[in-house]
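K.L.:
This is the structure I want to talk about, given as structure tokens.
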Amino acid sequence: MTVNPPTASLMLSEFVDLQPGEWVIQNAANSGVGAYLIQLAKVRRLKTVNVVRRESAIAGVQETGGDVVLVDGPGLAKRVSEATGGAKIRLGIDAVGGVSTEHLAMSLAEGGVLVNYGAMSGEPCQISPASFVFRDITLRGFWLSKWFTKATPAERMSVFGEVAQRIASGELKSRIHATYGLDQIKEAVGAAAAGERDGKILIVP
């Protein structure tokens, strides 16, 4: 409740004043933040283009409510344009870094903002100077802890209050891959460390 949902919420609102009906594009769409971003976008009547790194992740993101789900790779911008009817996407959310950053940048409209909050690829963000020079793309960073130090008590209450209410009402949910008892802690840790999970690993006393 205190990390992934507010991160998703703030990235949707702090950088671009999106209006109902607009699109936002994100990668790592099958991550915890990605799933919450999809759900919060729907609450705000926004549409999402969701980029994943493997075909097997598509179904889970679609079940979460992603409007368009695509596998990252060359030609992403063209595929995004085809899937959205040429929509002008003003906000991109990047958790991967590396060449994936450029794939998102190329998918944005002129003057768009790309927000990076992670480097799942283990590589620095790669982005062509052409995106900055000719298309006026802006690359920003977001870290919830930094926002928290600058936010007023009222701003914190607003964000965390909304998140808590939506979780309590069932509007916000986290996908659960598997649950384990305390006597299965080794198996649980192994499952959490494994790749290609489709949700969280929970320990249930």
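Chain lettering (A, B, ...) mirrors the order of the structure tokens, residue numbering begins at 1 for each chain separately, and ligand numbering begins at 1 in order of display.
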Just the residues within 12 Å of Val43 in chain A, please, counting only C-alpha atoms, with nothing from its chain fewer than 6 positions along; format it as a count of residues only.
P.N.:
12
K.L.:
If we count only C-alpha atoms and set the cut-off at 8 Å, which residues sit around Val96 in chain A, ignoring sequence neighbours fewer than 5 positions away in its own chain? Please answer as an MDAnalysis selection string.
P.N.:
chainID A and resid 27:28 101 118:122
K.L.:
Fewer than 6 positions away in the same chain doesn't count, so skip those; otherwise give me all residues within 9 Å of Gly112 in chain A, counting only C-alpha atoms, as a PyMOL selection string.
P.N.:
chain A and resi 16+88-92+105+135-139
K.L.:
Export, as an mmCIF file, in the first residue's frame, the selected residues with C-alpha atoms.
P.N.:
data_model
loop_
_atom_site.group_PDB
_atom_site.id
_atom_site.type_symbol
_atom_site.label_atom_id
_atom_site.label_comp_id
_atom_site.auth_asym_id
_atom_site.auth_seq_id
_atom_site.Cartn_x
_atom_site.Cartn_y
_atom_site.Cartn_z
ATOM 1 C CA VAL A 16 1.675 15.686 -17.448
ATOM 2 C CA LYS A 88 -0.682 11.419 -29.518
ATOM 3 C CA ILE A 89 0.769 9.909 -26.343
ATOM 4 C CA ARG A 90 2.155 12.590 -24.040
ATOM 5 C CA LEU A 91 3.361 10.466 -21.104
ATOM 6 C CA GLY A 92 5.628 7.432 -20.987
ATOM 7 C CA ALA A 105 10.591 7.814 -26.433
ATOM 8 C CA ARG A 135 10.960 15.990 -31.036
ATOM 9 C CA ASP A 136 11.435 17.905 -27.764
ATOM 10 C CA ILE A 137 11.091 14.798 -25.590
ATOM 11 C CA THR A 138 11.827 15.336 -21.891
ATOM 12 C CA LEU A 139 13.347 12.593 -19.726
#
K.L.:
For each of A:Thr7, A:Gly32, A:Arg54, A:Ala191, take the minimum atom-to-atom distance to Asn116 in chain A, counting only C-alpha atoms, then give the residue where this is smallest.
P.N.:
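Counting only C-alpha atoms, the residue closest to Asn116 in chain A is A:Thr7.
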K.L.:
Rank nothing, just name the residue among A:Gly199, A:Gly75, A:Gly190, A:Pro205 nearest to Ser174 in chain A, using only C-alpha atoms.
P.N.:
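Closest residue, counting only C-alpha atoms: A:Gly199.
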K.L.:
Fewer than 2 positions away in the same chain doesn't count, so skip those; otherwise give me all residues within 12 Å of Asp17 in chain A, counting only C-alpha atoms, as a list in words.
P.N.:
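Here the answer would be Leu10, Met11, Leu12, Ser13, Glu14, Phe15, Gln19, Pro20, Glu22, Trp23, Val24, Arg44, Leu46, Arg90, Leu91, Gly112 and Val113 of chain A.
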K.L.:
Would you mind telling me which residue in A:Leu18, A:Ile38, A:Val159, A:Ala57 lies nearest to Trp147 in chain A when using only C-alpha atoms?
P.N.:
A:Val159
K.L.:
Within 10 Å of Thr64 in chain A, counting only C-alpha atoms, which residues show up once you throw out same-chain ones fewer than 5 positions away? Write them as a list in words, please.
P.N.:
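My reading of the contact set: Ala29, Asn30, Gly34, Ala35, Tyr36, Ile38, Gln39, Ala59, Lys173, Ser174 and Arg175 of chain A.
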K.L.:
As an mmCIF file with C-alpha atoms, in the first residue's frame, please: all residues of chain A that backbone DSSP puts in strand (DSSP E).
P.N.:
data_model
loop_
_atom_site.group_PDB
_atom_site.id
_atom_site.type_symbol
_atom_site.label_atom_id
_atom_site.label_comp_id
_atom_site.auth_asym_id
_atom_site.auth_seq_id
_atom_site.Cartn_x
_atom_site.Cartn_y
_atom_site.Cartn_z
ATOM 1 C CA TRP A 23 -3.230 7.454 -23.606
ATOM 2 C CA VAL A 24 -0.204 6.668 -21.449
ATOM 3 C CA ILE A 25 2.463 4.119 -22.378
ATOM 4 C CA GLN A 26 4.496 2.076 -19.895
ATOM 5 C CA ASN A 27 6.956 -0.805 -19.973
ATOM 6 C CA LYS A 47 -6.122 4.406 -21.758
ATOM 7 C CA THR A 48 -2.926 2.400 -21.443
ATOM 8 C CA VAL A 49 -0.396 0.953 -23.851
ATOM 9 C CA ASN A 50 1.423 -1.728 -21.919
ATOM 10 C CA VAL A 51 4.799 -3.057 -23.005
ATOM 11 C CA VAL A 52 6.175 -6.359 -21.713
ATOM 12 C CA VAL A 68 -3.186 -2.514 -25.520
ATOM 13 C CA VAL A 69 -0.419 -4.992 -24.676
ATOM 14 C CA LEU A 70 2.675 -5.299 -26.873
ATOM 15 C CA VAL A 71 6.023 -7.071 -26.617
ATOM 16 C CA LEU A 91 3.361 10.466 -21.104
ATOM 17 C CA GLY A 92 5.628 7.432 -20.987
ATOM 18 C CA ILE A 93 6.660 5.435 -17.907
ATOM 19 C CA ASP A 94 9.962 3.533 -18.024
ATOM 20 C CA VAL A 113 7.498 13.430 -21.183
ATOM 21 C CA LEU A 114 9.209 10.142 -20.385
ATOM 22 C CA VAL A 115 9.500 9.274 -16.674
ATOM 23 C CA ASN A 116 12.071 6.697 -15.560
ATOM 24 C CA THR A 138 11.827 15.336 -21.891
ATOM 25 C CA LEU A 139 13.347 12.593 -19.726
ATOM 26 C CA ARG A 140 12.563 12.844 -16.019
ATOM 27 C CA GLY A 141 13.137 10.630 -13.007
ATOM 28 C CA ILE A 176 -1.121 -13.137 -6.508
ATOM 29 C CA HIS A 177 1.058 -15.792 -8.109
ATOM 30 C CA ALA A 178 1.076 -18.197 -5.153
ATOM 31 C CA THR A 179 0.694 -18.407 -1.382
ATOM 32 C CA TYR A 180 2.870 -20.379 1.049
ATOM 33 C CA LYS A 200 3.199 -11.571 -5.823
ATOM 34 C CA ILE A 201 4.369 -14.388 -3.565
ATOM 35 C CA LEU A 202 2.564 -14.287 -0.209
ATOM 36 C CA ILE A 203 3.402 -15.855 3.115
#
K.L.:
Excluding same-chain residues fewer than 6 positions from Glu123 in chain A, what lies within 10 Å of it counting only C-alpha atoms, as a JSON list (two decimals) with C-alpha atoms, in the first residue's frame?
P.N.:
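Wrote it out as part-v1.json, contents follow:
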[["chain", "number", "residue", "atom", "x", "y", "z"],
["A", 96, "VAL", "CA", 13.55, -0.92, -17.72],
["A", 97, "GLY", "CA", 16.20, 1.46, -19.06],
["A", 98, "GLY", "CA", 18.61, 0.43, -21.80],
["A", 99, "VAL", "CA", 17.28, 0.52, -25.34],
["A", 100, "SER", "CA", 13.73, 0.15, -23.99]]
K.L.:
Pick from A:Met1, A:Ala188, A:Leu182, A:Ala95: nearest to Ala168 in chain A, with only C-alpha atoms counted?
P.N.:
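Once distances to Ala168 in chain A are computed over only C-alpha atoms, the minimum belongs to A:Met1.
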K.L.:
If you run DSSP on this backbone, which residues of range 20-189 of chain A come out as alpha helix (DSSP H), and could you give them as an mmCIF file with C-alpha atoms, in the first residue's frame?
P.N.:
data_model
loop_
_atom_site.group_PDB
_atom_site.id
_atom_site.type_symbol
_atom_site.label_atom_id
_atom_site.label_comp_id
_atom_site.auth_asym_id
_atom_site.auth_seq_id
_atom_site.Cartn_x
_atom_site.Cartn_y
_atom_site.Cartn_z
ATOM 1 C CA GLY A 32 3.580 -4.411 -9.362
ATOM 2 C CA VAL A 33 3.724 -0.722 -10.254
ATOM 3 C CA GLY A 34 2.586 -1.526 -13.783
ATOM 4 C CA ALA A 35 -0.538 -3.331 -12.597
ATOM 5 C CA TYR A 36 -1.507 -0.498 -10.256
ATOM 6 C CA LEU A 37 -0.894 2.055 -12.993
ATOM 7 C CA ILE A 38 -3.334 0.216 -15.274
ATOM 8 C CA GLN A 39 -5.996 0.159 -12.562
ATOM 9 C CA LEU A 40 -5.532 3.810 -11.586
ATOM 10 C CA ALA A 41 -5.558 4.877 -15.225
ATOM 11 C CA LYS A 42 -8.969 3.227 -15.620
ATOM 12 C CA VAL A 43 -10.270 5.076 -12.557
ATOM 13 C CA ILE A 58 0.532 -10.629 -22.246
ATOM 14 C CA ALA A 59 -2.475 -12.509 -20.876
ATOM 15 C CA GLY A 60 -1.909 -11.390 -17.279
ATOM 16 C CA VAL A 61 -1.674 -7.726 -18.268
ATOM 17 C CA GLN A 62 -4.830 -8.044 -20.354
ATOM 18 C CA GLU A 63 -6.642 -9.584 -17.374
ATOM 19 C CA THR A 64 -5.529 -6.631 -15.247
ATOM 20 C CA LEU A 76 7.552 -0.624 -31.206
ATOM 21 C CA ALA A 77 6.589 2.958 -32.096
ATOM 22 C CA LYS A 78 4.959 1.833 -35.351
ATOM 23 C CA ARG A 79 3.041 -0.933 -33.602
ATOM 24 C CA VAL A 80 1.889 1.493 -30.890
ATOM 25 C CA SER A 81 0.630 3.937 -33.513
ATOM 26 C CA GLU A 82 -1.265 1.185 -35.302
ATOM 27 C CA ALA A 83 -2.830 -0.110 -32.075
ATOM 28 C CA THR A 84 -3.953 3.337 -30.875
ATOM 29 C CA VAL A 99 17.276 0.518 -25.340
ATOM 30 C CA SER A 100 13.729 0.150 -23.994
ATOM 31 C CA THR A 101 13.882 3.811 -22.981
ATOM 32 C CA GLU A 102 14.374 4.814 -26.603
ATOM 33 C CA HIS A 103 11.552 2.526 -27.718
ATOM 34 C CA LEU A 104 9.182 4.428 -25.421
ATOM 35 C CA ALA A 105 10.591 7.814 -26.433
ATOM 36 C CA MET A 106 9.961 7.038 -30.095
ATOM 37 C CA SER A 107 6.362 6.139 -29.232
ATOM 38 C CA PRO A 129 19.684 12.919 -29.272
ATOM 39 C CA ALA A 130 17.119 13.164 -32.081
ATOM 40 C CA SER A 131 14.361 12.558 -29.522
ATOM 41 C CA PHE A 132 15.528 15.605 -27.578
ATOM 42 C CA VAL A 133 16.561 17.878 -30.445
ATOM 43 C CA LEU A 144 8.830 8.058 -4.115
ATOM 44 C CA SER A 145 11.167 8.698 -1.175
ATOM 45 C CA LYS A 146 12.310 11.977 -2.729
ATOM 46 C CA TRP A 147 8.712 13.059 -3.332
ATOM 47 C CA PHE A 148 7.845 12.186 0.272
ATOM 48 C CA THR A 149 10.542 14.511 1.676
ATOM 49 C CA LYS A 150 9.166 17.447 -0.305
ATOM 50 C CA PRO A 153 1.324 16.633 5.041
ATOM 51 C CA ALA A 154 -1.844 17.462 3.110
ATOM 52 C CA GLU A 155 -0.361 16.125 -0.141
ATOM 53 C CA ARG A 156 0.756 12.916 1.561
ATOM 54 C CA MET A 157 -2.666 12.466 3.128
ATOM 55 C CA SER A 158 -4.348 12.975 -0.238
ATOM 56 C CA VAL A 159 -2.249 10.366 -2.056
ATOM 57 C CA PHE A 160 -2.146 7.700 0.643
ATOM 58 C CA GLY A 161 -5.758 8.325 1.606
ATOM 59 C CA GLU A 162 -6.935 7.689 -1.945
ATOM 60 C CA VAL A 163 -4.799 4.546 -2.229
ATOM 61 C CA ALA A 164 -6.080 3.146 1.071
ATOM 62 C CA GLN A 165 -9.713 3.791 0.149
ATOM 63 C CA ARG A 166 -9.391 2.198 -3.272
ATOM 64 C CA ILE A 167 -7.661 -0.881 -1.856
ATOM 65 C CA ALA A 168 -10.324 -1.214 0.835
ATOM 66 C CA SER A 169 -13.109 -0.908 -1.753
ATOM 67 C CA ILE A 185 9.508 -20.415 3.567
ATOM 68 C CA LYS A 186 12.341 -21.856 1.460
ATOM 69 C CA GLU A 187 9.971 -22.657 -1.386
ATOM 70 C CA ALA A 188 8.431 -19.198 -1.112
ATOM 71 C CA VAL A 189 11.807 -17.449 -1.318
#
